[in-house]
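Asks: Pasting protein-v2.cif below, which is mmCIF, C-alpha atoms.
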```cif
data_protein
#
loop_
_atom_site.label_atom_id
_atom_site.label_comp_id
_atom_site.auth_asym_id
_atom_site.auth_seq_id
_atom_site.Cartn_x
_atom_site.Cartn_y
_atom_site.Cartn_z
CA MET A 173 7.50 -10.81 20.88
CA THR A 174 8.84 -8.95 17.85
CA VAL A 175 12.03 -7.00 18.55
CA PHE A 176 12.95 -3.99 16.44
CA PRO A 177 16.68 -3.14 16.58
CA ASP A 178 17.62 0.47 16.01
CA PHE A 179 18.28 1.63 12.49
CA SER A 180 21.89 2.64 13.12
CA ALA A 181 22.82 -1.03 13.62
CA ALA A 182 21.01 -1.96 10.39
CA ALA A 183 22.84 0.85 8.61
CA ALA A 184 26.21 -0.41 9.83
CA ALA A 185 25.35 -3.91 8.61
CA ALA A 186 24.34 -2.53 5.21
CA VAL A 187 27.62 -0.64 4.94
CA ARG A 188 29.61 -3.79 5.73
CA ARG A 189 27.70 -5.73 3.07
CA ALA A 190 27.79 -2.99 0.41
CA ARG A 191 29.03 -4.35 -2.91
CA VAL A 192 30.78 -2.04 -5.36
CA ASP A 193 29.40 -2.62 -8.86
CA ALA A 194 30.98 0.37 -10.62
CA PRO A 195 34.37 2.10 -10.69
CA VAL A 196 34.64 4.07 -7.46
CA ARG A 197 34.40 7.80 -7.91
CA SER A 198 34.62 10.25 -5.06
CA GLY A 199 34.02 13.89 -4.37
CA LYS A 200 33.85 16.39 -1.53
CA LEU A 201 30.91 17.60 0.49
CA ILE A 202 30.60 21.35 0.09
CA ARG A 203 27.33 22.24 1.77
CA MET A 204 24.28 20.95 3.62
CA VAL A 205 20.95 22.71 3.08
CA GLY A 206 17.84 21.44 4.85
CA LEU A 207 17.55 17.71 4.15
CA THR A 208 20.10 17.60 1.33
CA LEU A 209 23.86 17.32 1.08
CA GLU A 210 25.66 19.01 -1.82
CA ALA A 211 28.83 17.47 -3.22
CA GLN A 212 31.20 18.24 -6.09
CA GLY A 213 33.68 16.08 -7.93
CA ILE A 214 31.52 12.96 -7.94
CA VAL A 215 29.75 11.62 -11.02
CA ALA A 216 26.74 9.57 -9.94
CA PRO A 217 23.33 8.94 -11.53
CA MET A 218 19.95 9.39 -9.88
CA GLY A 219 19.28 6.75 -7.24
CA ALA A 220 22.97 5.89 -6.78
CA PHE A 221 24.08 4.71 -3.35
CA CYS A 222 26.94 6.64 -1.76
CA LEU A 223 28.89 6.80 1.50
CA VAL A 224 29.81 10.08 3.17
CA GLU A 225 32.99 9.67 5.24
CA SER A 226 34.28 12.19 7.75
CA ASN A 227 37.23 11.84 10.08
CA GLY A 228 36.10 10.44 13.41
CA ALA A 229 32.48 9.95 12.34
CA PRO A 230 30.75 6.74 11.19
CA ALA A 231 30.20 6.45 7.45
CA LEU A 232 26.85 7.93 6.44
CA GLU A 233 24.71 6.27 3.75
CA ALA A 234 23.06 8.59 1.23
CA GLU A 235 21.22 8.42 -2.07
CA VAL A 236 21.57 10.73 -5.06
CA VAL A 237 18.30 12.64 -5.48
CA GLY A 238 19.31 15.30 -7.98
CA PHE A 239 22.10 17.22 -9.66
CA SER A 240 22.74 20.64 -11.15
CA ASP A 241 25.74 21.39 -13.33
CA ARG A 242 28.69 20.08 -11.25
CA THR A 243 26.77 19.76 -8.00
CA THR A 244 25.27 16.46 -6.89
CA TYR A 245 22.45 16.46 -4.33
CA LEU A 246 22.25 13.60 -1.85
CA MET A 247 19.80 12.77 0.88
CA PRO A 248 21.14 10.80 3.88
CA PHE A 249 19.52 7.63 5.24
CA SER A 250 19.95 8.87 8.83
CA GLU A 251 20.74 12.03 10.76
CA PRO A 252 24.02 13.51 9.39
CA VAL A 253 25.58 13.86 12.84
CA GLY A 254 29.32 14.49 12.70
CA VAL A 255 29.42 15.22 8.97
CA GLY A 256 31.16 18.47 8.03
CA PRO A 257 32.46 20.41 5.02
CA GLY A 258 35.09 18.57 3.02
CA ALA A 259 33.80 15.09 3.90
CA THR A 260 34.55 12.48 1.24
CA VAL A 261 31.58 11.29 -0.80
CA ARG A 262 32.22 7.86 -2.35
CA LEU A 263 30.09 6.09 -4.95
CA VAL A 264 29.26 2.52 -3.89
CA SER A 265 26.52 1.42 -6.29
CA ARG A 266 25.18 3.12 -9.41
CA SER A 267 21.71 1.57 -9.09
CA PRO A 268 19.70 0.45 -6.03
CA LYS A 269 19.44 -3.33 -5.74
CA ALA A 270 17.99 -5.86 -3.31
CA ARG A 271 18.61 -9.52 -2.55
CA LEU A 272 15.55 -11.74 -2.88
CA GLY A 273 14.56 -15.33 -2.21
CA PRO A 274 11.92 -17.62 -0.67
CA ALA A 275 13.67 -17.26 2.70
CA LEU A 276 12.03 -13.83 3.05
CA LEU A 277 8.68 -15.46 3.90
CA GLY A 278 7.80 -14.99 7.55
CA ARG A 279 10.33 -12.18 7.97
CA VAL A 280 10.12 -8.51 8.97
CA ILE A 281 12.75 -6.39 7.22
CA ASP A 282 13.60 -2.71 6.76
CA ALA A 283 14.07 -0.67 3.60
CA ARG A 284 17.60 -2.04 3.12
CA GLY A 285 16.46 -5.65 3.42
CA GLU A 286 18.03 -5.96 6.87
CA PRO A 287 16.12 -7.98 9.51
CA LEU A 288 14.00 -6.15 12.09
CA ASP A 289 12.77 -9.31 13.82
CA GLY A 290 15.98 -10.17 15.66
CA LYS A 291 16.75 -13.14 13.37
CA PRO A 292 19.80 -13.64 11.14
CA PRO A 293 19.66 -12.11 7.63
CA ALA A 294 17.62 -14.16 5.17
CA ASP A 295 19.64 -16.30 2.77
CA CYS A 296 18.59 -14.81 -0.58
CA PRO A 297 20.32 -16.03 -3.76
CA ASP A 298 18.94 -13.49 -6.26
CA GLU A 299 19.77 -9.81 -6.72
CA LEU A 300 17.53 -7.48 -8.71
CA SER A 301 17.11 -3.76 -9.34
CA LEU A 302 14.59 -2.03 -7.08
CA GLN A 303 12.93 -0.43 -10.08
CA GLY A 304 11.72 -3.77 -11.46
CA LEU A 305 10.85 -4.37 -15.11
CA VAL A 306 8.13 -2.55 -17.04
CA LEU A 307 5.62 -4.99 -18.56
CA ASN A 308 4.20 -4.45 -22.01
CA PRO A 309 0.48 -3.81 -21.34
CA LEU A 310 -0.45 -6.06 -24.27
CA GLU A 311 1.40 -8.97 -22.62
CA ARG A 312 -0.50 -8.72 -19.35
CA GLY A 313 -3.04 -11.42 -18.68
CA PRO A 314 -6.70 -10.49 -18.08
CA ILE A 315 -8.33 -10.18 -14.66
CA ASN A 316 -10.69 -13.13 -14.94
CA GLN A 317 -10.46 -14.98 -11.62
CA ILE A 318 -12.35 -14.03 -8.46
CA LEU A 319 -10.18 -13.48 -5.39
CA ASP A 320 -11.78 -14.68 -2.16
CA VAL A 321 -10.74 -12.18 0.54
CA GLY A 322 -12.80 -13.63 3.39
CA VAL A 323 -14.59 -10.31 4.01
CA ARG A 324 -18.33 -10.60 3.28
CA ALA A 325 -18.93 -6.98 2.28
CA ILE A 326 -16.14 -7.09 -0.33
CA ASN A 327 -16.81 -10.64 -1.56
CA GLY A 328 -20.51 -9.96 -2.06
CA VAL A 329 -20.92 -6.36 -3.17
CA LEU A 330 -17.41 -5.26 -4.23
CA THR A 331 -16.03 -8.50 -5.68
CA ILE A 332 -12.38 -8.19 -6.69
CA GLY A 333 -10.24 -10.30 -9.01
CA ARG A 334 -6.69 -11.61 -9.00
CA GLY A 335 -4.46 -8.84 -10.30
CA GLN A 336 -6.82 -5.98 -9.44
CA ARG A 337 -5.54 -2.77 -7.79
CA ILE A 338 -7.88 -1.21 -5.22
CA GLY A 339 -7.66 1.55 -2.63
CA LEU A 340 -8.89 1.68 0.96
CA MET A 341 -9.92 5.34 1.27
CA ALA A 342 -10.42 6.63 4.79
CA GLY A 343 -9.63 9.23 7.37
CA SER A 344 -7.58 8.37 10.43
CA GLY A 345 -8.93 5.99 13.07
CA VAL A 346 -11.74 4.27 11.14
CA GLY A 347 -10.35 0.74 11.01
CA LYS A 348 -8.00 0.61 8.01
CA SER A 349 -5.38 -1.45 9.85
CA VAL A 350 -7.94 -3.92 11.17
CA LEU A 351 -9.41 -4.44 7.70
CA MET A 352 -5.90 -4.87 6.30
CA GLY A 353 -5.23 -7.53 8.94
CA MET A 354 -8.40 -9.37 7.91
CA LEU A 355 -7.40 -9.25 4.25
CA THR A 356 -3.93 -10.54 5.13
CA ARG A 357 -5.21 -13.52 7.13
CA TYR A 358 -8.24 -14.51 5.07
CA THR A 359 -7.35 -13.79 1.42
CA LYS A 360 -6.70 -16.96 -0.55
CA ALA A 361 -3.28 -15.93 -1.87
CA ASP A 362 0.01 -17.84 -1.99
CA VAL A 363 2.12 -14.97 -0.65
CA VAL A 364 1.30 -11.70 1.12
CA VAL A 365 3.70 -8.74 0.91
CA ILE A 366 3.02 -5.89 3.34
CA GLY A 367 4.65 -2.47 3.12
CA LEU A 368 4.16 -0.40 6.28
CA ILE A 369 5.31 3.00 5.07
CA GLY A 370 5.45 6.11 7.23
CA GLU A 371 3.42 4.67 10.11
CA ARG A 372 4.21 5.16 13.79
CA GLY A 373 6.66 2.59 15.14
CA ARG A 374 4.14 1.44 17.75
CA GLU A 375 1.57 0.74 15.02
CA VAL A 376 4.08 -1.38 13.10
CA ASN A 377 4.57 -3.64 16.13
CA ASP A 378 0.84 -3.70 16.93
CA PHE A 379 -0.07 -4.62 13.34
CA ILE A 380 2.37 -7.53 13.28
CA ARG A 381 1.39 -8.91 16.70
CA GLU A 382 -2.35 -8.25 16.74
CA SER A 383 -3.71 -7.68 13.21
CA LEU A 384 -1.37 -10.03 11.34
CA GLY A 385 -0.70 -12.70 13.96
CA THR A 386 1.52 -15.78 13.75
CA GLU A 387 -0.63 -17.47 11.09
CA GLY A 388 -0.68 -14.41 8.84
CA LEU A 389 3.06 -13.75 9.22
CA ALA A 390 3.99 -17.29 8.15
CA LYS A 391 3.03 -16.61 4.51
CA SER A 392 3.99 -12.94 4.53
CA VAL A 393 6.92 -10.61 4.05
CA VAL A 394 6.70 -7.34 6.02
CA ILE A 395 8.73 -4.31 4.98
CA ALA A 396 8.62 -1.56 7.61
CA ALA A 397 9.79 2.03 7.22
CA PRO A 398 8.30 4.05 10.11
CA ALA A 399 7.66 7.77 10.04
CA ASN A 400 10.95 8.62 11.78
CA VAL A 401 13.21 7.30 9.00
CA SER A 402 14.49 9.30 6.06
CA PRO A 403 12.08 9.92 3.15
CA VAL A 404 14.50 8.14 0.77
CA LEU A 405 14.24 5.05 2.98
CA ARG A 406 10.45 5.25 2.93
CA LEU A 407 10.50 5.35 -0.87
CA ARG A 408 13.09 2.59 -0.95
CA ALA A 409 10.86 0.41 1.26
CA THR A 410 7.92 1.03 -1.09
CA ASN A 411 9.96 -0.04 -4.12
CA LEU A 412 11.27 -3.05 -2.20
CA ALA A 413 7.72 -4.17 -1.34
CA HIS A 414 6.75 -4.00 -5.02
CA LEU A 415 9.94 -5.78 -6.10
CA ILE A 416 9.35 -8.66 -3.66
CA ALA A 417 5.77 -8.97 -4.92
CA GLU A 418 7.05 -9.02 -8.52
CA TYR A 419 9.63 -11.67 -7.59
CA PHE A 420 6.99 -14.09 -6.31
CA ARG A 421 4.52 -13.21 -9.08
CA ASP A 422 7.10 -14.07 -11.73
CA ARG A 423 7.30 -17.54 -10.19
CA GLY A 424 3.64 -18.09 -11.04
CA LEU A 425 2.26 -17.35 -7.57
CA SER A 426 -0.80 -15.36 -6.54
CA VAL A 427 0.49 -12.43 -4.48
CA LEU A 428 -1.46 -10.03 -2.28
CA LEU A 429 0.38 -6.72 -1.90
CA LEU A 430 -0.75 -4.33 0.82
CA VAL A 431 0.79 -0.86 1.13
CA ASP A 432 -0.10 1.26 4.15
CA SER A 433 -0.16 3.97 3.14
CA LEU A 434 0.06 5.46 -0.34
CA THR A 435 -0.41 8.90 1.20
CA ARG A 436 2.76 8.51 3.29
CA VAL A 437 4.61 7.49 0.13
CA ALA A 438 3.41 10.73 -1.48
CA HIS A 439 4.55 12.67 1.60
CA ALA A 440 8.03 11.12 1.32
CA GLN A 441 8.31 12.11 -2.35
CA ARG A 442 7.04 15.60 -1.47
CA GLU A 443 9.83 16.00 1.10
CA ILE A 444 12.45 14.95 -1.43
CA GLY A 445 11.01 17.04 -4.26
CA LEU A 446 10.77 20.21 -2.23
CA ALA A 447 14.25 19.66 -0.78
CA VAL A 448 15.84 19.63 -4.26
CA GLY A 449 13.89 22.66 -5.46
CA GLU A 450 10.79 21.32 -7.21
CA PRO A 451 7.95 23.85 -7.28
CA PRO A 452 4.94 22.98 -5.12
CA THR A 453 1.66 22.60 -6.98
CA ALA A 454 -1.61 21.15 -5.63
CA LYS A 455 -1.63 21.24 -1.81
CA GLY A 456 2.14 21.60 -1.76
CA TYR A 457 2.81 18.41 -3.74
CA PRO A 458 5.49 18.78 -6.47
CA PRO A 459 4.93 17.29 -9.95
CA SER A 460 7.13 14.26 -9.18
CA VAL A 461 4.46 12.94 -6.76
CA PHE A 462 1.89 12.72 -9.53
CA ALA A 463 4.38 10.85 -11.72
CA LEU A 464 5.46 8.46 -8.95
CA LEU A 465 2.08 7.13 -7.81
CA PRO A 466 0.78 5.83 -11.18
CA ASN A 467 4.18 4.22 -11.85
CA LEU A 468 4.00 2.35 -8.55
CA ILE A 469 0.43 1.22 -9.09
CA GLU A 470 1.22 -0.05 -12.59
CA ARG A 471 3.83 -2.43 -11.15
CA ALA A 472 0.99 -4.53 -9.73
CA GLY A 473 -1.42 -6.59 -11.80
CA VAL A 474 -1.53 -9.86 -13.69
CA GLY A 475 1.82 -11.14 -14.97
CA ARG A 476 2.84 -11.90 -18.53
CA HIS A 477 0.18 -13.96 -20.31
CA GLY A 478 -1.57 -14.65 -17.00
CA TYR A 479 1.50 -16.17 -15.32
CA GLY A 480 1.20 -15.12 -11.68
CA SER A 481 -0.56 -12.04 -10.33
CA ILE A 482 -0.22 -9.20 -7.84
CA THR A 483 -3.49 -8.06 -6.29
CA ALA A 484 -2.64 -4.72 -4.69
CA VAL A 485 -4.47 -2.96 -1.87
CA TYR A 486 -3.30 0.59 -1.12
CA THR A 487 -4.58 2.52 1.87
CA VAL A 488 -5.14 6.20 1.10
CA LEU A 489 -5.50 8.65 3.96
CA MET A 490 -8.17 11.28 3.35
CA GLU A 491 -6.77 14.17 5.33
CA ASN A 492 -9.56 15.94 7.24
CA ASP A 493 -11.89 13.33 5.64
CA ASP A 494 -11.58 15.29 2.38
CA PRO A 495 -12.38 13.05 -0.64
CA SER A 496 -11.01 15.73 -3.01
CA ASP A 497 -7.47 15.52 -1.61
CA PRO A 498 -4.96 15.44 -4.54
CA VAL A 499 -3.55 12.04 -3.52
CA VAL A 500 -7.07 10.61 -3.26
CA ASP A 501 -7.85 11.97 -6.73
CA ILE A 502 -4.76 10.51 -8.41
CA ALA A 503 -5.25 7.17 -6.64
CA ARG A 504 -8.91 6.99 -7.65
CA ALA A 505 -7.97 7.68 -11.27
CA SER A 506 -5.17 5.09 -11.33
CA LEU A 507 -6.77 2.20 -9.41
CA ASP A 508 -9.29 -0.43 -10.51
CA GLY A 509 -11.68 0.45 -7.70
CA GLN A 510 -11.91 1.79 -4.19
CA VAL A 511 -13.41 0.84 -0.85
CA MET A 512 -14.53 3.88 1.12
CA LEU A 513 -14.47 3.66 4.91
CA SER A 514 -16.92 5.88 6.77
CA ARG A 515 -16.28 7.65 10.06
CA ALA A 516 -20.02 7.76 10.74
CA LEU A 517 -20.23 3.96 10.47
CA ALA A 518 -17.13 3.54 12.63
CA ASP A 519 -18.64 5.85 15.27
CA ALA A 520 -21.73 3.62 15.24
CA ALA A 521 -19.53 0.54 15.89
CA HIS A 522 -20.26 -0.79 12.40
CA TYR A 523 -17.12 -2.71 11.41
CA PRO A 524 -15.66 -3.02 8.91
CA ALA A 525 -16.86 0.54 8.29
CA ILE A 526 -17.30 0.03 4.53
CA ASP A 527 -19.51 2.71 2.99
CA LEU A 528 -21.07 1.51 -0.26
CA ASN A 529 -21.60 5.13 -1.33
CA GLY A 530 -18.50 5.84 -3.39
CA SER A 531 -17.14 2.29 -3.21
CA ILE A 532 -16.78 0.39 -6.48
CA SER A 533 -15.00 -2.56 -8.05
CA ARG A 534 -14.48 -1.74 -11.73
CA VAL A 535 -13.96 -5.35 -12.78
CA MET A 536 -16.78 -6.98 -10.80
CA GLN A 537 -19.23 -7.15 -13.70
CA ALA A 538 -16.69 -9.14 -15.74
CA LEU A 539 -16.09 -11.64 -12.92
CA VAL A 540 -19.43 -12.66 -11.41
CA GLU A 541 -22.47 -14.45 -12.77
CA PRO A 542 -25.39 -12.26 -14.00
CA HIS A 543 -27.70 -13.24 -11.11
CA THR A 544 -24.94 -12.41 -8.59
CA LEU A 545 -24.38 -9.02 -10.20
CA LYS A 546 -28.14 -8.39 -10.14
CA ALA A 547 -28.33 -9.23 -6.42
CA ALA A 548 -25.31 -7.03 -5.60
CA ASN A 549 -26.68 -4.07 -7.58
CA ARG A 550 -30.07 -4.41 -5.88
CA PHE A 551 -28.35 -4.49 -2.48
CA ARG A 552 -26.44 -1.31 -3.33
CA ARG A 553 -29.59 0.41 -4.59
CA LEU A 554 -31.62 -0.36 -1.47
CA TRP A 555 -28.72 0.65 0.78
CA THR A 556 -28.25 3.96 -1.05
CA LEU A 557 -31.98 4.66 -1.21
CA TYR A 558 -32.24 4.37 2.57
CA GLN A 559 -29.17 6.62 3.03
CA GLN A 560 -30.71 9.29 0.81
CA ASN A 561 -33.91 9.33 2.85
CA ALA A 562 -32.43 8.62 6.29
CA GLU A 563 -33.29 12.02 7.77
CA LEU A 564 -36.94 11.82 6.66
CA ILE A 565 -37.25 8.31 8.09
CA GLN A 566 -35.60 9.16 11.40
CA VAL A 567 -37.81 12.21 12.10
CA GLY A 568 -40.96 10.30 11.09
CA ALA A 569 -41.66 12.47 8.03
CA TYR A 570 -41.82 9.52 5.65
CA GLU A 571 -45.21 7.82 5.33
CA ALA A 572 -45.12 4.08 4.68
CA GLY A 573 -46.58 3.08 1.31
CA THR A 574 -45.38 6.20 -0.51
CA ASN A 575 -42.52 4.37 -2.21
CA ALA A 576 -42.60 0.57 -2.43
CA GLU A 577 -38.84 0.28 -3.01
CA LEU A 578 -38.06 2.52 -0.05
CA ASP A 579 -40.45 0.46 2.08
CA GLU A 580 -38.39 -2.61 1.16
CA ALA A 581 -35.17 -0.80 2.01
CA ILE A 582 -36.55 0.11 5.44
CA ALA A 583 -37.74 -3.45 6.06
CA LEU A 584 -34.38 -4.96 5.10
CA ARG A 585 -32.14 -2.32 6.69
CA ALA A 586 -31.23 -4.28 9.83
CA THR A 587 -30.56 -7.46 7.85
CA MET A 588 -28.39 -5.56 5.36
CA GLU A 589 -26.39 -4.01 8.18
CA ASN A 590 -25.78 -7.46 9.65
CA PHE A 591 -24.61 -8.67 6.23
CA LEU A 592 -22.03 -5.87 6.01
CA ARG A 593 -20.82 -6.27 9.59
CA GLN A 594 -18.20 -8.90 10.38
CA ASP A 595 -16.12 -9.82 13.41
CA MET A 596 -12.40 -9.35 12.71
CA HIS A 597 -11.66 -12.89 13.93
CA ILE A 598 -14.18 -14.58 11.59
CA SER A 599 -13.66 -15.36 7.91
CA VAL A 600 -16.60 -15.68 5.49
CA ASP A 601 -15.69 -17.36 2.22
CA TYR A 602 -17.04 -16.44 -1.21
CA ALA A 603 -19.52 -19.34 -1.47
CA ALA A 604 -21.11 -18.55 1.91
CA THR A 605 -21.27 -14.86 0.95
CA LEU A 606 -23.14 -15.58 -2.29
CA GLU A 607 -25.62 -17.82 -0.49
CA ALA A 608 -26.33 -15.13 2.12
CA LEU A 609 -26.63 -12.41 -0.54
CA SER A 610 -29.06 -14.46 -2.68
CA ASP A 611 -31.23 -15.26 0.34
CA LEU A 612 -31.28 -11.63 1.42
CA MET A 613 -32.17 -10.23 -2.01
CA ARG A 614 -34.46 -13.22 -2.83
CA ILE A 615 -32.67 -13.73 -6.16
#
```
Turn this file's structure into structure tokens for me.
Replies:
Amino acid sequence: MTVFPDFSAAAAAAVRRARVDAPVRSGKLIRMVGLTLEAQGIVAPMGAFCLVESNGAPALEAEVVGFSDRTTYLMPFSEPVGVGPGATVRLVSRSPKARLGPALLGRVIDARGEPLDGKPPADCPDELSLQGLVLNPLERGPINQILDVGVRAINGVLTIGRGQRIGLMAGSGVGKSVLMGMLTRYTKADVVVIGLIGERGREVNDFIRESLGTEGLAKSVVIAAPANVSPVLRLRATNLAHLIAEYFRDRGLSVLLLVDSLTRVAHAQREIGLAVGEPPTAKGYPPSVFALLPNLIERAGVGRHGYGSITAVYTVLMENDDPSDPVVDIARASLDGQVMLSRALADAAHYPAIDLNGSISRVMQALVEPHTLKAANRFRRLWTLYQQNAELIQVGAYEAGTNAELDEAIALRATMENFLRQDMHISVDYAATLEALSDLMRI
């Protein structure tokens, strides 16, 4: 059984292991407003790691999130209990870094890289900046290899390629976590990196034990930052997940990166932005949110000249099932496709609840053979045609023979539903999917 130690112990371990990489500068805490601490006398850049030390209180970790004139704004990693005016603020590291290595495989860690699985810290020889390196877009390799994800609906009708970035768009409780577990276990990737950002602590444990399983965990690295941790830790965990994926990609491996969820990442940045005085714009999100998300998404993709790849899957929560939510909009514009999950299908026990209306893979036509693309497009057309006329059919207002294509859609409806349904414990590879799709569409 996975054991999750409390975050105060992990914080203490991180403090003990902190490595000073710049001349130490210190200042004094002058005020605390909302989520932020205000200090003067310290010169520290954005993202710097600091310790806040008060007499009789444990040292508090904090990150620089802004500055104004001589005032530096910091956000603590945990509740600032015991911290008072005049506390010493000491610079520890000018840039956030993480230790990386193959020993991370099979481990569950927090935003600091500390173990959450009750095992000793992983022996990682390399240290890199959390921000990673920006790739020249002209040096990126093309997306020209099909990625077999083991899910029939995606393999057949929404085929994705190595290095593609897609979103799982859905409201709450429609099977995102189960589908993510299937992708983790069945995708033919060398390494799987999973960022569980802003989820409930119970769901983190359930995902690892039930959705991921022992087999899935063996080739995975899980980075967990539940909803009860500081927003700076949630952002740090997101950057760490991307950095680990980049680390394995740059060793020529095929990496599957899953982030659950991109919406919680946006919420974390919203908390930080509003706390330091950014003006709220669309639905209360400050401008920094709309700069952060595309930057994160662009870290995934094919490596330099096709050397290694990161195929990224981001879950996006449609609040109140609203497809026009600002985070959904920015994700849809930045990603290479999306898979929409339908509450109506989930209520009908149709799993995975993938709704072809609105779902698309923008690179599919460049990956598959012409006859496969023809069969997939015909499947989508018949499925959509039935959906558009569902009410007429159900009340008996449609007369057979009026529309030959609709007659075919009605005749094939049950078979098409069976094609899209799949038990979570069964994998269907790409070859078997193509055979079933060709037989169904008679192409």
Asks: Might you pull out every residue within 12 Å of Leu425 (chain A), with all atoms listed in the file counted and same-chain residues fewer than 6 positions away left off, and present them as a PDB file with C-alpha atoms, keeping the file's coordinate frame?
Replies:
```pdb
ATOM      1  CA  PRO A 274      11.920 -17.620  -0.670  1.00  0.00           C
ATOM      2  CA  ARG A 334      -6.690 -11.610  -9.000  1.00  0.00           C
ATOM      3  CA  GLY A 335      -4.460  -8.840 -10.300  1.00  0.00           C
ATOM      4  CA  LYS A 360      -6.700 -16.960  -0.550  1.00  0.00           C
ATOM      5  CA  ALA A 361      -3.280 -15.930  -1.870  1.00  0.00           C
ATOM      6  CA  ASP A 362       0.010 -17.840  -1.990  1.00  0.00           C
ATOM      7  CA  VAL A 363       2.120 -14.970  -0.650  1.00  0.00           C
ATOM      8  CA  VAL A 364       1.300 -11.700   1.120  1.00  0.00           C
ATOM      9  CA  ILE A 416       9.350  -8.660  -3.660  1.00  0.00           C
ATOM     10  CA  ALA A 417       5.770  -8.970  -4.920  1.00  0.00           C
ATOM     11  CA  GLU A 418       7.050  -9.020  -8.520  1.00  0.00           C
ATOM     12  CA  TYR A 419       9.630 -11.670  -7.590  1.00  0.00           C
ATOM     13  CA  VAL A 474      -1.530  -9.860 -13.690  1.00  0.00           C
ATOM     14  CA  GLY A 475       1.820 -11.140 -14.970  1.00  0.00           C
ATOM     15  CA  GLY A 478      -1.570 -14.650 -17.000  1.00  0.00           C
ATOM     16  CA  TYR A 479       1.500 -16.170 -15.320  1.00  0.00           C
ATOM     17  CA  GLY A 480       1.200 -15.120 -11.680  1.00  0.00           C
ATOM     18  CA  SER A 481      -0.560 -12.040 -10.330  1.00  0.00           C
ATOM     19  CA  ILE A 482      -0.220  -9.200  -7.840  1.00  0.00           C
ATOM     20  CA  THR A 483      -3.490  -8.060  -6.290  1.00  0.00           C
TER      21      THR A 483
END
```
Asks: Can you check which parts of region 322-387 of chain A lie within 8 Å of region 510-530 of chain A? Per residue, the shortest pair of atoms and distance in Å to one decimal, counting only C-alpha atoms, sorted by chain and number, as JSON lines.
Replies:
```
{"residue": "A:Ala325", "atom": "CA", "partner": "A:Ile526", "partner_atom": "CA", "distance": 7.5}
{"residue": "A:Ile338", "atom": "CA", "partner": "A:Gln510", "partner_atom": "CA", "distance": 5.1}
{"residue": "A:Gly339", "atom": "CA", "partner": "A:Gln510", "partner_atom": "CA", "distance": 4.5}
{"residue": "A:Leu340", "atom": "CA", "partner": "A:Val511", "partner_atom": "CA", "distance": 4.9}
{"residue": "A:Met341", "atom": "CA", "partner": "A:Met512", "partner_atom": "CA", "distance": 4.8}
{"residue": "A:Ala342", "atom": "CA", "partner": "A:Leu513", "partner_atom": "CA", "distance": 5.0}
{"residue": "A:Gly343", "atom": "CA", "partner": "A:Arg515", "partner_atom": "CA", "distance": 7.3}
{"residue": "A:Val346", "atom": "CA", "partner": "A:Ala518", "partner_atom": "CA", "distance": 5.6}
{"residue": "A:Gly347", "atom": "CA", "partner": "A:Pro524", "partner_atom": "CA", "distance": 6.8}
{"residue": "A:Lys348", "atom": "CA", "partner": "A:Leu513", "partner_atom": "CA", "distance": 7.8}
{"residue": "A:Leu351", "atom": "CA", "partner": "A:Pro524", "partner_atom": "CA", "distance": 6.5}
```
Asks: Could you pull the residues within 8 Å of region 369-382 of chain A, counting only C-alpha atoms, minus those fewer than 2 positions along the same chain, as a ChimeraX atom specification?
Replies: /A:173-174,349,353,367,384-386,389,396-400,406,409-410,431-434,436-437
Asks: Any chance you can output those residues with C-alpha atoms as a short mmCIF file (atom, residue, chain, number, x, y, z; two decimals), in the frame of the given file?
Replies:
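Writing done, so here's part35.cif:
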```cif
data_model
loop_
_atom_site.label_atom_id
_atom_site.label_comp_id
_atom_site.auth_asym_id
_atom_site.auth_seq_id
_atom_site.Cartn_x
_atom_site.Cartn_y
_atom_site.Cartn_z
CA MET A 173 7.50 -10.81 20.88
CA THR A 174 8.84 -8.95 17.85
CA SER A 349 -5.38 -1.45 9.85
CA GLY A 353 -5.23 -7.53 8.94
CA GLY A 367 4.65 -2.47 3.12
CA LEU A 384 -1.37 -10.03 11.34
CA GLY A 385 -0.70 -12.70 13.96
CA THR A 386 1.52 -15.78 13.75
CA LEU A 389 3.06 -13.75 9.22
CA ALA A 396 8.62 -1.56 7.61
CA ALA A 397 9.79 2.03 7.22
CA PRO A 398 8.30 4.05 10.11
CA ALA A 399 7.66 7.77 10.04
CA ASN A 400 10.95 8.62 11.78
CA ARG A 406 10.45 5.25 2.93
CA ALA A 409 10.86 0.41 1.26
CA THR A 410 7.92 1.03 -1.09
CA VAL A 431 0.79 -0.86 1.13
CA ASP A 432 -0.10 1.26 4.15
CA SER A 433 -0.16 3.97 3.14
CA LEU A 434 0.06 5.46 -0.34
CA ARG A 436 2.76 8.51 3.29
CA VAL A 437 4.61 7.49 0.13
#
```
Asks: Identify the residues around (37.8, 7.1, 6.7) within a radius of 12 Å, measuring from only C-alpha atoms in the coordinates stated by the file, and give them as a list in words.
Replies: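 Protein, DNA and RNA residues close to (37.8, 7.1, 6.7): Leu223, Val224, Glu225, Ser226, Asn227, Gly228, Ala229, Pro230, Ala231, Leu232, Val255, Ala259, Thr260, Val261 and Arg262 of chain A.
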Asks: Output C-alpha atoms of each residue in that selection to a file, as a short mmCIF file (atom, residue, chain, number, x, y, z; two decimals), keeping the file's coordinate frame.
Replies:
```cif
data_model
loop_
_atom_site.label_atom_id
_atom_site.label_comp_id
_atom_site.auth_asym_id
_atom_site.auth_seq_id
_atom_site.Cartn_x
_atom_site.Cartn_y
_atom_site.Cartn_z
CA LEU A 223 28.89 6.80 1.50
CA VAL A 224 29.81 10.08 3.17
CA GLU A 225 32.99 9.67 5.24
CA SER A 226 34.28 12.19 7.75
CA ASN A 227 37.23 11.84 10.08
CA GLY A 228 36.10 10.44 13.41
CA ALA A 229 32.48 9.95 12.34
CA PRO A 230 30.75 6.74 11.19
CA ALA A 231 30.20 6.45 7.45
CA LEU A 232 26.85 7.93 6.44
CA VAL A 255 29.42 15.22 8.97
CA ALA A 259 33.80 15.09 3.90
CA THR A 260 34.55 12.48 1.24
CA VAL A 261 31.58 11.29 -0.80
CA ARG A 262 32.22 7.86 -2.35
#
```
